Structures are given as C-alpha cells and as structure tokens.
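**Student:** If you scroll down you'll find the structure; I have some questions about it.
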Amino acid sequence: MTVRRSVVVGVGAALPRDRVTNEDLVRRGVDTSDEWIRQRTGIGARHLAGPGETTVSLATEASRAALAAAGLAADAVDMIVLATTTPDETFPASATQVQAALGIHHGFAFDVQAVCSGFVYALATADNFLRLGQARTALVIGAETFSRLLDWNDRTTCVLFGDGAGAVVLTARDGAGTAADRGVLTTHLHSDGRHRDALYVDGGPSSTGTVGHVRMKGQEVFRHAVNRLSEVVDEALKAAHVAPEALDWLVPHQANRRIIEAMGRKLGLPPEKVVMTVERHANTSAASIPLALAEAAGDGRIRPGHLVLIEAMGGGFTWGSSLIRW
Ligand code: ACO
C-alpha cells in the first residue's frame, strides 16, 4: 500500500553572534557559578541575541541554510510552520515575516505555540498537511529569542536559556507504509493545562499588556519531564513497531543534561547515540531540537536511512515525540 510520507530533505540552523559562557554571566552580575550551572544542568554557554537579531532574522537564516542543504529554491515551499514563544510582534505571525524575507508569495505561513515542545508540534502539523495533500513542501522552523523573556535578577531561570533557530525542509513522497520508509513515521502530541503554574510567563497582551518574564518550579518540571517523556517515547516505538535497539539517534529537547541522560538510559542507548548540544546552546526552547538535528546531520552523524527519535516537553505542560526515518 502506498502512503504519503513527509521526508526531511534539508536542515539548517542559526545562532546569534554573542556567545556567553557561565563565567560571563557571573561577570555580568548574575549570582551564580560555572560549577553550579554545569553540575545541575550540563550548560556551559549560550548564544544571546543582540541588537538587530530577532526571532524572524534567526528563523530566516536557518531557513536559508535548510533550503541550501535541500538544494531547493525558496519558491518550492508552499507551507511554513514556525514554532516560537517569542514572536517579533504579537501579530502578524513571525512565519509570515519569514515568508516575506524569503521572497515567497504563495502558499501559507503560521506560528504554533507550544513552548519547548513547539518544534514537535510544528512537525506534526506540517506532516499532516503534507500527508493530506494540502501542501507539497514545508519549512518547519523552531526559532526563539528566549532571552527577551528572562528576568536577569532571577538566577533560578536566567542561567538556563539561550537563543537560536533551526529549520527542516519536508517534501511529500510516496512510501510503502512500513517503518523502512523514509520520512516522518509517527507523531504524538499531548498537553495538560493543569500544570500552568509550574512553568509560565507572568505577562501577555490580554492579561497585563506586557511581555512578562519566565517563572518556573524547577523540581516539579524536572519530575514531570522524566515521566511524561518516558511515556511518549514508548508510545512512538510501539506505534511504529520498532524496538529501542533499532534507533540510530535520540535527539531530545535540550533542557538539561540529567533529563537527556535519563532518557538515553531508559532506551538503553549508549551516550554516543544521544545528540547533546545543551552544553553549548543551553535551552533554546522550540529551537533546540532542529539546532541539534542540524548539527548532527551537518557533521555526518545522522545519515539518510537512519532512524531518529525526537522528544520534548515544555510549558503548559505540552509534550510530544516523533520517529523520523532520515
Ligand atoms: N546559581 C547558584 N545557585 C542557585 C541557582 C543558580 N543559578 N539557582 C538556584 N540556586 C540555589 C537555590 O537558591 C537553592 O539554594 P538553597 O538550597 O540555599 O535554597 C539551591 O541552588 C538548590 O535549588 P533547587 O531549585 O532545589 O535546585 P535543583 O537541584 O532543583 O536545580 C534546576 C534547579 C536546574 C532548575 C532543576 O530543577 C531542573 O533542571 N529542572 C528542570 C527544569 C527545566 O529543565 N526547565 C526548562 C524548561 S522546561 C523544559 O524544557 C523541559
């Protein structure tokens, strides 16, 4: 039986110029230490957007890199889904500004908001449009300037996050309907709004008229992340009828080294099969998975035919996973 699949044909990334180490944060007056941050999170540095660098500018740069890797002109794209928590403006959607910057005047573009799970949500959305034949080639982007939501006087959150963008190009192709097909094999999305208070931003257009700052109960988030991610990873493997040993790569959301290592152990994967960028990028929210995909595909670790599992959890709570045959 022929089924339509959304095949990854290109991936790209962009990081702001300013690389800020943990020691730089201490020098800038944050009451913390390199030792505390590394021990609790695995983070060593992050990139922070400077003047003129925005979610749209980073998303556009990542998209250009993804299109170049795919060998496609921007014109080939008829759908853009951009996952972000930090749009340039409340409206229009940042995706439409990326569309304009790329010179695309057809198709459609919109943002999705699922915080750190945003890229998985965007990928699932694009995959469904492609499989239904409502688009042929989609740009799926995760882009954030999360630093603009940080309270630099709150050391429990400001050391954790960074800025960046990653993008993948998906093209609809026919497959045989088995796990051997190239493309997105499964997507699984979940949310539970009862956990709003564990991780949220204390502002917004309709409540305060301000942008607000990130607030988090770290230990509660940690506990839920490990449990929910375990479940959604099992769900993906079961749905595709594949054993953990069949995985070539785990590319998790990059929030915390301890959460990532716990997931690797759960799947029985050796550390070299787990893509980890949190040391250099920190938590870039919706951008973290496509940034990690771009790095591992760019340096030749992820190759066509490899089976890649992605998973993420974020504010809401939202969480999700996807199995992709590269
Ligand atoms: N530097 C130095 N000390 C700090 C810092 C800091 N940046 N932040 C907190 N501390 C202190 C606290 O004040 C506290 O001191 P006290 O014992 O004197 O009161 C002590 O460190 C321990 O604080 P805890 O909050 O208990 O630290 P914990 O071990 O839980 O680590 C952390 C905090 C890293 C946030 C952890 O809970 C975590 O990783 N949670 C997951 C959260 C996460 O990943 N969020 C990202 C967004 S959601 C997602 O992407 C999945």
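Ligands are numbered from 1 in the order shown, chains are lettered A, B, ... in the order of the structure tokens, and residues start at 1 in each chain.
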If you count only C-alpha atoms, which residues fall within 7 Å of stretch 261-271 of chain A, apart from same-chain ones fewer than 4 positions away, as a list in words?

**Tutor:**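 Once the adjacent positions are removed, what remains is Ser230, Pro244 and Arg257 of chain A.
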
**Student:** Could you give me, as CSV, a per-residue list for chain A showing, wherever an atom lies at most 6 Å from an atom of ligand 1, the closest pair of atoms and their distance in Å to one decimal, using only C-alpha atoms and all ligand atoms and sorting by chain then residue number from low to high?

**Tutor:**
```
residue,atom,partner,partner_atom_place_in_ligand_line,distance
A:Thr32,CA,ligand 1,1 (N),3.6
A:Ser33,CA,ligand 1,1 (N),5.7
A:Trp36,CA,ligand 1,2 (C),5.4
A:Arg40,CA,ligand 1,34 (C),4.9
A:Thr41,CA,ligand 1,34 (C),5.4
A:Cys116,CA,ligand 1,50 (O),5.4
A:Arg155,CA,ligand 1,7 (N),4.3
A:Thr156,CA,ligand 1,8 (N),3.7
A:Val159,CA,ligand 1,7 (N),5.7
A:Gly218,CA,ligand 1,37 (O),3.6
A:Gln219,CA,ligand 1,37 (O),4.0
A:Val221,CA,ligand 1,41 (C),5.1
A:Phe222,CA,ligand 1,41 (C),3.9
A:Ala225,CA,ligand 1,51 (C),5.7
A:Ala255,CA,ligand 1,50 (O),4.5
A:Asn256,CA,ligand 1,44 (O),5.2
A:Met313,CA,ligand 1,51 (C),4.8
A:Gly314,CA,ligand 1,48 (S),4.7
```

**Student:** Using backbone DSSP assignments, extract all helix (DSSP H, G or I) residues from stretch 174-264 of chain A; output them as a VMD selection string.

**Tutor:** chain A and resid 193 to 198 218 to 240 244 to 246 257 to 264

**Student:** Would you list the contacts of A:Ala100 as a VMD selection string, taking every protein, DNA or RNA residue within 12 Å and counting only C-alpha atoms, but skipping same-chain residues closer than 5 positions in sequence?

**Tutor:** chain A and resid 56 to 57 60 74 to 75 80 92 to 95 105 to 109

**Student:** Which of these residues is nearest to A:Phe110, using only C-alpha atoms: A:Val81, A:Val98, A:Ala176, A:Ala135?

**Tutor:**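 Of the candidates, the smallest distance to A:Phe110 is held by A:Val81.
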
**Student:** Need to verify the contact set: A:Val308, 9 Å, only C-alpha atoms, exclusion of same-chain residues closer than 2 positions in sequence. Can you return it as a list of chain:residue names?

**Tutor:** A:Leu247, A:Asp248, A:Trp249, A:Leu250, A:Val251, A:Ile302, A:His306, A:Ile310, A:Ser322, A:Leu323, A:Ile324, A:Arg325, A:Trp326

**Student:** Within 9 Å of stretch 141-149 of chain A, counting only C-alpha atoms, which residues qualify if same-chain residues fewer than 3 places away don't, as a ChimeraX atom specification?

**Tutor:** /A:14,48-49,53-56,58-59,62-63,80-88,95,118-119,122-123,158,161-169,201,211-214,283-291

**Student:** How would the residues just chosen look if you wrote them out with N, CA and C atoms as a CSV table (one decimal), in the first residue's frame?

**Tutor:**
```csv
chain,number,residue,atom,x,y,z
A,14,ALA,N,20.8,28.6,12.9
A,14,ALA,CA,21.4,29.9,13.0
A,14,ALA,C,21.5,30.2,14.5
A,48,LEU,N,23.2,34.7,22.9
A,48,LEU,CA,22.2,35.6,23.2
A,48,LEU,C,22.0,36.6,22.1
A,49,ALA,N,20.8,36.8,21.7
A,49,ALA,CA,20.5,37.8,20.6
A,49,ALA,C,20.9,39.2,20.9
A,53,GLU,N,19.1,41.3,16.1
A,53,GLU,CA,18.9,39.9,15.9
A,53,GLU,C,17.5,39.6,16.6
A,54,THR,N,16.7,39.0,15.8
A,54,THR,CA,15.3,38.7,16.3
A,54,THR,C,14.9,37.3,15.9
A,55,THR,N,13.8,36.8,16.4
A,55,THR,CA,13.3,35.5,16.1
A,55,THR,C,13.2,35.4,14.6
A,56,VAL,N,12.6,36.4,13.9
A,56,VAL,CA,12.4,36.4,12.4
A,56,VAL,C,13.8,36.3,11.7
A,58,LEU,N,16.7,35.2,12.8
A,58,LEU,CA,17.3,33.9,13.0
A,58,LEU,C,16.6,32.8,12.3
A,59,ALA,N,15.3,32.9,12.3
A,59,ALA,CA,14.5,31.9,11.6
A,59,ALA,C,14.8,31.9,10.1
A,62,ALA,N,18.2,30.4,9.4
A,62,ALA,CA,18.2,28.9,9.5
A,62,ALA,C,17.4,28.3,8.3
A,63,SER,N,16.4,29.0,7.8
A,63,SER,CA,15.6,28.5,6.7
A,63,SER,C,16.4,28.5,5.4
A,80,ILE,N,4.7,27.2,5.6
A,80,ILE,CA,5.7,27.5,6.6
A,80,ILE,C,5.0,27.4,8.0
A,81,VAL,N,5.6,26.5,8.9
A,81,VAL,CA,5.1,26.5,10.2
A,81,VAL,C,6.3,26.9,11.1
A,82,LEU,N,6.1,27.9,11.9
A,82,LEU,CA,7.2,28.4,12.8
A,82,LEU,C,6.7,28.2,14.2
A,83,ALA,N,7.5,27.4,15.0
A,83,ALA,CA,7.2,27.2,16.4
A,83,ALA,C,8.0,28.3,17.2
A,84,THR,N,7.3,29.1,17.9
A,84,THR,CA,8.0,30.1,18.8
A,84,THR,C,7.2,30.5,19.9
A,85,THR,N,7.9,30.9,21.0
A,85,THR,CA,7.2,31.5,22.2
A,85,THR,C,7.5,33.0,22.2
A,86,THR,N,8.5,33.4,21.3
A,86,THR,CA,9.0,34.8,21.3
A,86,THR,C,8.9,35.4,19.9
A,87,PRO,N,7.6,35.6,19.4
A,87,PRO,CA,7.5,36.2,18.1
A,87,PRO,C,8.0,37.7,18.1
A,88,ASP,N,8.4,38.1,16.9
A,88,ASP,CA,8.9,39.5,16.9
A,88,ASP,C,7.8,40.5,17.4
A,95,ALA,N,6.0,33.7,11.2
A,95,ALA,CA,6.1,32.8,10.0
A,95,ALA,C,5.9,33.6,8.7
A,118,GLY,N,7.4,23.0,20.9
A,118,GLY,CA,6.9,23.7,19.7
A,118,GLY,C,7.3,23.0,18.4
A,119,PHE,N,8.6,22.6,18.4
A,119,PHE,CA,9.1,22.0,17.1
A,119,PHE,C,8.4,20.7,16.8
A,122,ALA,N,5.0,21.6,15.5
A,122,ALA,CA,5.1,22.1,14.2
A,122,ALA,C,5.3,21.0,13.2
A,123,LEU,N,6.2,20.1,13.5
A,123,LEU,CA,6.5,19.0,12.6
A,123,LEU,C,5.2,18.1,12.4
A,158,CYS,N,17.4,32.4,34.7
A,158,CYS,CA,18.1,33.2,33.7
A,158,CYS,C,19.3,32.4,33.2
A,161,PHE,N,18.6,29.4,29.8
A,161,PHE,CA,18.1,29.5,28.4
A,161,PHE,C,19.0,30.3,27.5
A,162,GLY,N,18.8,30.0,26.2
A,162,GLY,CA,19.6,30.7,25.1
A,162,GLY,C,18.7,31.0,23.9
A,163,ASP,N,19.3,31.6,22.9
A,163,ASP,CA,18.6,31.9,21.7
A,163,ASP,C,19.1,31.2,20.5
A,164,GLY,N,18.3,31.0,19.4
A,164,GLY,CA,18.7,30.3,18.2
A,164,GLY,C,17.6,29.9,17.4
A,165,ALA,N,17.9,29.3,16.2
A,165,ALA,CA,16.8,28.8,15.3
A,165,ALA,C,17.3,27.6,14.5
A,166,GLY,N,16.4,26.7,14.2
A,166,GLY,CA,16.7,25.6,13.4
A,166,GLY,C,15.5,25.4,12.4
A,167,ALA,N,15.8,24.8,11.3
A,167,ALA,CA,14.7,24.6,10.3
A,167,ALA,C,14.9,23.3,9.5
A,168,VAL,N,13.8,22.6,9.2
A,168,VAL,CA,13.9,21.5,8.3
A,168,VAL,C,13.0,21.7,7.1
A,169,VAL,N,13.4,21.2,6.0
A,169,VAL,CA,12.5,21.2,4.8
A,169,VAL,C,11.9,19.8,4.7
A,201,VAL,N,4.9,32.4,31.8
A,201,VAL,CA,5.4,33.8,31.7
A,201,VAL,C,4.4,34.7,32.3
A,211,VAL,N,5.2,42.0,28.2
A,211,VAL,CA,5.7,40.7,27.7
A,211,VAL,C,5.9,39.7,28.8
A,212,GLY,N,6.3,40.2,30.0
A,212,GLY,CA,6.4,39.3,31.1
A,212,GLY,C,7.8,38.5,31.2
A,213,HIS,N,7.9,37.8,32.3
A,213,HIS,CA,9.2,37.0,32.5
A,213,HIS,C,8.8,35.6,32.8
A,214,VAL,N,9.8,34.7,32.5
A,214,VAL,CA,9.6,33.2,32.7
A,214,VAL,C,9.7,33.0,34.2
A,283,ASN,N,19.1,25.9,26.9
A,283,ASN,CA,17.8,25.5,26.5
A,283,ASN,C,17.3,26.6,25.5
A,284,THR,N,17.2,26.3,24.2
A,284,THR,CA,16.6,27.3,23.3
A,284,THR,C,15.2,27.0,22.9
A,285,SER,N,14.5,26.4,23.8
A,285,SER,CA,13.0,26.1,23.7
A,285,SER,C,12.7,25.5,22.3
A,286,ALA,N,11.8,26.0,21.5
A,286,ALA,CA,11.4,25.4,20.3
A,286,ALA,C,12.6,25.2,19.3
A,287,ALA,N,13.7,25.9,19.5
A,287,ALA,CA,14.8,25.8,18.5
A,287,ALA,C,15.7,24.7,18.8
A,288,SER,N,15.6,24.1,20.0
A,288,SER,CA,16.7,23.2,20.5
A,288,SER,C,16.8,21.9,19.6
A,289,ILE,N,15.6,21.3,19.3
A,289,ILE,CA,15.7,20.0,18.5
A,289,ILE,C,16.2,20.3,17.1
A,290,PRO,N,15.7,21.3,16.4
A,290,PRO,CA,16.2,21.5,15.0
A,290,PRO,C,17.7,22.0,15.0
A,291,LEU,N,18.1,22.7,16.0
A,291,LEU,CA,19.5,23.1,16.1
A,291,LEU,C,20.4,21.8,16.3
```

**Student:** Using DSSP secondary structure from the backbone, list all strand (DSSP E or B) positions within stretch 106-195 of chain A, as a ChimeraX atom specification.

**Tutor:** /A:108-112,137-145,161,163-175,183-191

**Student:** May I ask which of the residues A:Thr171, A:Gly50, A:Pro205, A:Gly300 is the closest one to A:Phe91, counting only C-alpha atoms?

**Tutor:**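 Of A:Thr171, A:Gly50, A:Pro205, A:Gly300, the one nearest A:Phe91 is A:Pro205, counting only C-alpha atoms.
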
**Student:** Smallest atom-to-atom distance to A:Thr21: which of A:His281, A:Arg194, A:Val120, A:Ala65, using only C-alpha atoms?

**Tutor:**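 Comparing A:His281, A:Arg194, A:Val120, A:Ala65 against A:Thr21, the winner is A:His281.
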
**Student:** Between atom CA of A:Arg173 and atom CA of A:Ser6, what is the distance in Å, rounded to a tenth?

**Tutor:**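 Taking atom CA of A:Arg173 and atom CA of A:Ser6, their separation equals 6.4 Å.
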
**Student:** Which of these residues is nearest to A:Thr125, using only C-alpha atoms: A:Glu61, A:Leu170, A:Arg182, A:Gly52?

**Tutor:** A:Leu170
